[in-house]
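Colleague: The structure is given below, and queries will be raised subsequently.
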Amino acid sequence: MTLLSATVLYKERVLPSILFYVATVTLPVSLILVALPFSEIVAFGLAAISIPIVFGLTWAASPLITITGTHLRVGKVSIDRVHLGTVGAIASADTFRERGVKLDSRAYTKFQIGIKELVKIQIEDELDPTPYWLVATRNPEVIAGLLNRR
């Protein structure tokens, strides 16, 4: 059975926070200031196409979390759910430590700019050296609930 043929229990595209998009407003202004001495048409043309390009690239680069009855997929990486151990939601206050001093260098991580909520998924496959996955999500309790339910 492939991931596509299984029933999808949960699906989330983890986009950056709204502050990321607010900050992109400075991009067209910067492009205008840089290109204006050369050509007004080029300057305003670059500014006009910069925002849709940034939004499109951001959407394409944002990880997609998919949970089915048999698999967990985060971005391009997939694992069979039989290899998953305990799954826990990480509180926003503990995120900094989990990403820093408590992070195991062998762990699979998928972070997103501006997203403070994390889910920690223990891996119980003796052939896999990865101890756990640490994934940014807007709904860590939902994911933990789905994955802890066998």
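Every chain in the structure tokens takes a letter, A first, then B, and so on in the order presented; its residues are numbered from 1, and the ligands are numbered from 1 following the presented order.
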Can you pull out every residue from chain A that DSSP, working from the backbone, puts in strand (DSSP E), and format the result as a ChimeraX atom specification?
Modeller: /A:8-13,64-68,71-74,77-80,84-90,108-110,118-123,132-136
Colleague: Just the residues within 10 Å of Arg99 of chain A, please, counting only C-alpha atoms, with nothing from its chain fewer than 4 positions along; format it as a PDB file with N, CA and C atoms, in the first residue's frame.
Modeller:
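Written file, part_7.pdb:
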ATOM      1  N   ASP A  94       9.392  25.605  25.945  1.00  0.00           N
ATOM      2  CA  ASP A  94      10.488  24.633  25.883  1.00  0.00           C
ATOM      3  C   ASP A  94      11.110  24.499  24.496  1.00  0.00           C
ATOM      4  N   THR A  95      10.569  25.190  23.524  1.00  0.00           N
ATOM      5  CA  THR A  95      11.036  25.066  22.144  1.00  0.00           C
ATOM      6  C   THR A  95      12.495  25.436  21.984  1.00  0.00           C
ATOM      7  N   LEU A 103      18.915  19.089  21.866  1.00  0.00           N
ATOM      8  CA  LEU A 103      18.808  18.457  20.551  1.00  0.00           C
ATOM      9  C   LEU A 103      19.895  17.405  20.358  1.00  0.00           C
ATOM     10  N   ASP A 104      19.481  16.211  19.975  1.00  0.00           N
ATOM     11  CA  ASP A 104      20.410  15.142  19.619  1.00  0.00           C
ATOM     12  C   ASP A 104      20.815  15.359  18.164  1.00  0.00           C
ATOM     13  N   THR A 109      15.122  16.757  11.990  1.00  0.00           N
ATOM     14  CA  THR A 109      14.435  17.992  12.345  1.00  0.00           C
ATOM     15  C   THR A 109      13.823  18.644  11.111  1.00  0.00           C
ATOM     16  N   PHE A 111      12.105  22.362  10.939  1.00  0.00           N
ATOM     17  CA  PHE A 111      11.635  23.582  11.588  1.00  0.00           C
ATOM     18  C   PHE A 111      11.065  24.536  10.550  1.00  0.00           C
ATOM     19  N   LEU A 118       6.198  22.553  18.595  1.00  0.00           N
ATOM     20  CA  LEU A 118       6.909  21.396  18.072  1.00  0.00           C
ATOM     21  C   LEU A 118       6.222  20.120  18.523  1.00  0.00           C
ATOM     22  N   LEU A 134      11.862  15.842  15.344  1.00  0.00           N
ATOM     23  CA  LEU A 134      11.410  17.079  15.972  1.00  0.00           C
ATOM     24  C   LEU A 134      10.872  17.962  14.848  1.00  0.00           C
TER      25      LEU A 134
END
Colleague: For each of A:Thr137, A:Thr86, A:Asn148, A:Ser39, take the minimum atom-to-atom distance to Gly114 of chain A, counting only C-alpha atoms, then give the residue where this is smallest.
Modeller: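 That would be A:Thr137, the residue with the smallest distance to Gly114 of chain A.
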Colleague: Extract, using only C-alpha atoms, all DNA, RNA and protein residues at most 12 Å from segment 42-50 of chain A, discarding same-chain residues fewer than 5 positions from it, and format them as a ChimeraX atom specification.
Modeller: /A:24-37,55-57
Colleague: Limited to N, CA and C atoms, could you put the picked residues into a file as a PDB file, in the first residue's frame?
Modeller:
ATOM      1  N   THR A  24       8.310  40.736   4.184  1.00  0.00           N
ATOM      2  CA  THR A  24       8.569  40.701   2.742  1.00  0.00           C
ATOM      3  C   THR A  24       8.128  41.978   2.037  1.00  0.00           C
ATOM      4  N   VAL A  25       7.383  42.828   2.736  1.00  0.00           N
ATOM      5  CA  VAL A  25       6.980  44.107   2.155  1.00  0.00           C
ATOM      6  C   VAL A  25       8.212  44.967   1.863  1.00  0.00           C
ATOM      7  N   THR A  26       9.267  44.762   2.601  1.00  0.00           N
ATOM      8  CA  THR A  26      10.482  45.553   2.374  1.00  0.00           C
ATOM      9  C   THR A  26      11.204  45.135   1.085  1.00  0.00           C
ATOM     10  N   LEU A  27      10.932  43.963   0.580  1.00  0.00           N
ATOM     11  CA  LEU A  27      11.608  43.489  -0.631  1.00  0.00           C
ATOM     12  C   LEU A  27      11.316  44.359  -1.854  1.00  0.00           C
ATOM     13  N   PRO A  28      10.046  44.654  -2.182  1.00  0.00           N
ATOM     14  CA  PRO A  28       9.822  45.494  -3.360  1.00  0.00           C
ATOM     15  C   PRO A  28      10.407  46.898  -3.209  1.00  0.00           C
ATOM     16  N   VAL A  29      10.352  47.428  -2.004  1.00  0.00           N
ATOM     17  CA  VAL A  29      10.932  48.757  -1.773  1.00  0.00           C
ATOM     18  C   VAL A  29      12.434  48.715  -2.024  1.00  0.00           C
ATOM     19  N   SER A  30      13.088  47.699  -1.530  1.00  0.00           N
ATOM     20  CA  SER A  30      14.536  47.555  -1.742  1.00  0.00           C
ATOM     21  C   SER A  30      14.865  47.399  -3.223  1.00  0.00           C
ATOM     22  N   LEU A  31      14.076  46.597  -3.921  1.00  0.00           N
ATOM     23  CA  LEU A  31      14.315  46.402  -5.352  1.00  0.00           C
ATOM     24  C   LEU A  31      14.134  47.698  -6.141  1.00  0.00           C
ATOM     25  N   ILE A  32      13.140  48.485  -5.759  1.00  0.00           N
ATOM     26  CA  ILE A  32      12.947  49.775  -6.418  1.00  0.00           C
ATOM     27  C   ILE A  32      14.151  50.675  -6.196  1.00  0.00           C
ATOM     28  N   LEU A  33      14.619  50.749  -4.960  1.00  0.00           N
ATOM     29  CA  LEU A  33      15.755  51.622  -4.649  1.00  0.00           C
ATOM     30  C   LEU A  33      17.037  51.186  -5.352  1.00  0.00           C
ATOM     31  N   VAL A  34      17.227  49.897  -5.496  1.00  0.00           N
ATOM     32  CA  VAL A  34      18.440  49.395  -6.149  1.00  0.00           C
ATOM     33  C   VAL A  34      18.373  49.582  -7.660  1.00  0.00           C
ATOM     34  N   ALA A  35      17.221  49.302  -8.265  1.00  0.00           N
ATOM     35  CA  ALA A  35      17.121  49.306  -9.723  1.00  0.00           C
ATOM     36  C   ALA A  35      16.699  50.650 -10.316  1.00  0.00           C
ATOM     37  N   LEU A  36      16.196  51.568  -9.501  1.00  0.00           N
ATOM     38  CA  LEU A  36      15.699  52.845 -10.010  1.00  0.00           C
ATOM     39  C   LEU A  36      16.746  53.664 -10.766  1.00  0.00           C
ATOM     40  N   PRO A  37      18.007  53.696 -10.345  1.00  0.00           N
ATOM     41  CA  PRO A  37      18.987  54.472 -11.120  1.00  0.00           C
ATOM     42  C   PRO A  37      19.189  53.943 -12.544  1.00  0.00           C
ATOM     43  N   PHE A  55       6.063  34.546  -2.270  1.00  0.00           N
ATOM     44  CA  PHE A  55       4.957  33.752  -1.735  1.00  0.00           C
ATOM     45  C   PHE A  55       4.943  32.351  -2.339  1.00  0.00           C
ATOM     46  N   GLY A  56       5.163  32.248  -3.623  1.00  0.00           N
ATOM     47  CA  GLY A  56       5.186  30.943  -4.279  1.00  0.00           C
ATOM     48  C   GLY A  56       6.329  30.067  -3.802  1.00  0.00           C
ATOM     49  N   LEU A  57       7.513  30.643  -3.697  1.00  0.00           N
ATOM     50  CA  LEU A  57       8.663  29.875  -3.210  1.00  0.00           C
ATOM     51  C   LEU A  57       8.488  29.459  -1.756  1.00  0.00           C
TER      52      LEU A  57
END
Colleague: Can you list every residue in segment 54-91 of chain A that DSSP puts in helix (DSSP H, G or I), as a list in words?
Modeller: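 Residues meeting the helix (DSSP H, G or I) criterion: Val54, Phe55, Gly56, Leu57, Thr58, Trp59, Ala60, Ala61, Arg81, Val82 and His83 of chain A.
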Colleague: Write out as CSV a residue-level contact list of segment 4-99 of chain A versus segment 123-128 of chain A with cut-off 6 Å: for each qualifying residue the closest pair of atoms and the distance in Å to one decimal, counting only C-alpha atoms, rows sorted by chain and residue number upward.
Modeller:
residue,atom,partner,partner_atom,distance
A:His83,CA,A:Glu124,CA,5.1
A:Leu84,CA,A:Ile123,CA,4.8
A:Gly85,CA,A:Ile123,CA,5.5
Colleague: Selection from above, C-alpha atoms, as a short mmCIF file (atom, residue, chain, number, x, y, z; two decimals), in the first residue's frame, can you write it?
Modeller:
data_model
loop_
_atom_site.label_atom_id
_atom_site.label_comp_id
_atom_site.auth_asym_id
_atom_site.auth_seq_id
_atom_site.Cartn_x
_atom_site.Cartn_y
_atom_site.Cartn_z
CA HIS A 83 8.27 2.26 14.04
CA LEU A 84 6.94 5.22 16.03
CA GLY A 85 7.18 5.37 19.79
#
Colleague: Within 12 Å of Ile113 of chain A, counting only C-alpha atoms, which residues show up once you throw out same-chain ones fewer than 5 positions away? Write them as a JSON list (two decimals) with C-alpha atoms, in the first residue's frame, please.
Modeller:
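Final file, out_3.json:
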[["chain", "number", "residue", "atom", "x", "y", "z"],
["A", 14, "VAL", "CA", 3.41, 24.45, 7.79],
["A", 15, "LEU", "CA", 3.72, 27.96, 6.40],
["A", 16, "PRO", "CA", 5.83, 30.63, 8.14],
["A", 17, "SER", "CA", 4.24, 33.03, 10.60],
["A", 18, "ILE", "CA", 2.47, 36.17, 9.42],
["A", 19, "LEU", "CA", 5.48, 38.27, 10.50],
["A", 20, "PHE", "CA", 7.53, 36.66, 7.75],
["A", 21, "TYR", "CA", 5.06, 37.90, 5.17],
["A", 58, "THR", "CA", 7.67, 30.02, 0.45],
["A", 61, "ALA", "CA", 9.43, 25.15, 0.44],
["A", 62, "SER", "CA", 7.06, 24.75, 3.40],
["A", 63, "PRO", "CA", 6.91, 21.20, 4.73],
["A", 135, "VAL", "CA", 8.88, 18.79, 13.72],
["A", 136, "ALA", "CA", 7.37, 22.28, 13.75],
["A", 137, "THR", "CA", 3.58, 22.34, 13.53],
["A", 138, "ARG", "CA", 0.68, 24.58, 14.42]]
Colleague: Mind pulling up the distance from atom CA of Ile90 of chain A to atom CA of Glu141 of chain A?
Modeller: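 Between atom CA of Glu141 of chain A and atom CA of Ile90 of chain A the gap is 8.9 Å.
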Colleague: Could you jot down the atom CA of Asp80 of chain A to atom CA of Lys120 of chain A separation for me, Å, one decimal place?
Modeller: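 Going from atom CA of Asp80 of chain A over to atom CA of Lys120 of chain A covers 16.0 Å.
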Colleague: Please indicate the distance in Å from atom CA of Glu98 of chain A to atom CA of Gly69 of chain A, rounded to one decimal place.
Modeller: 27.8 Å
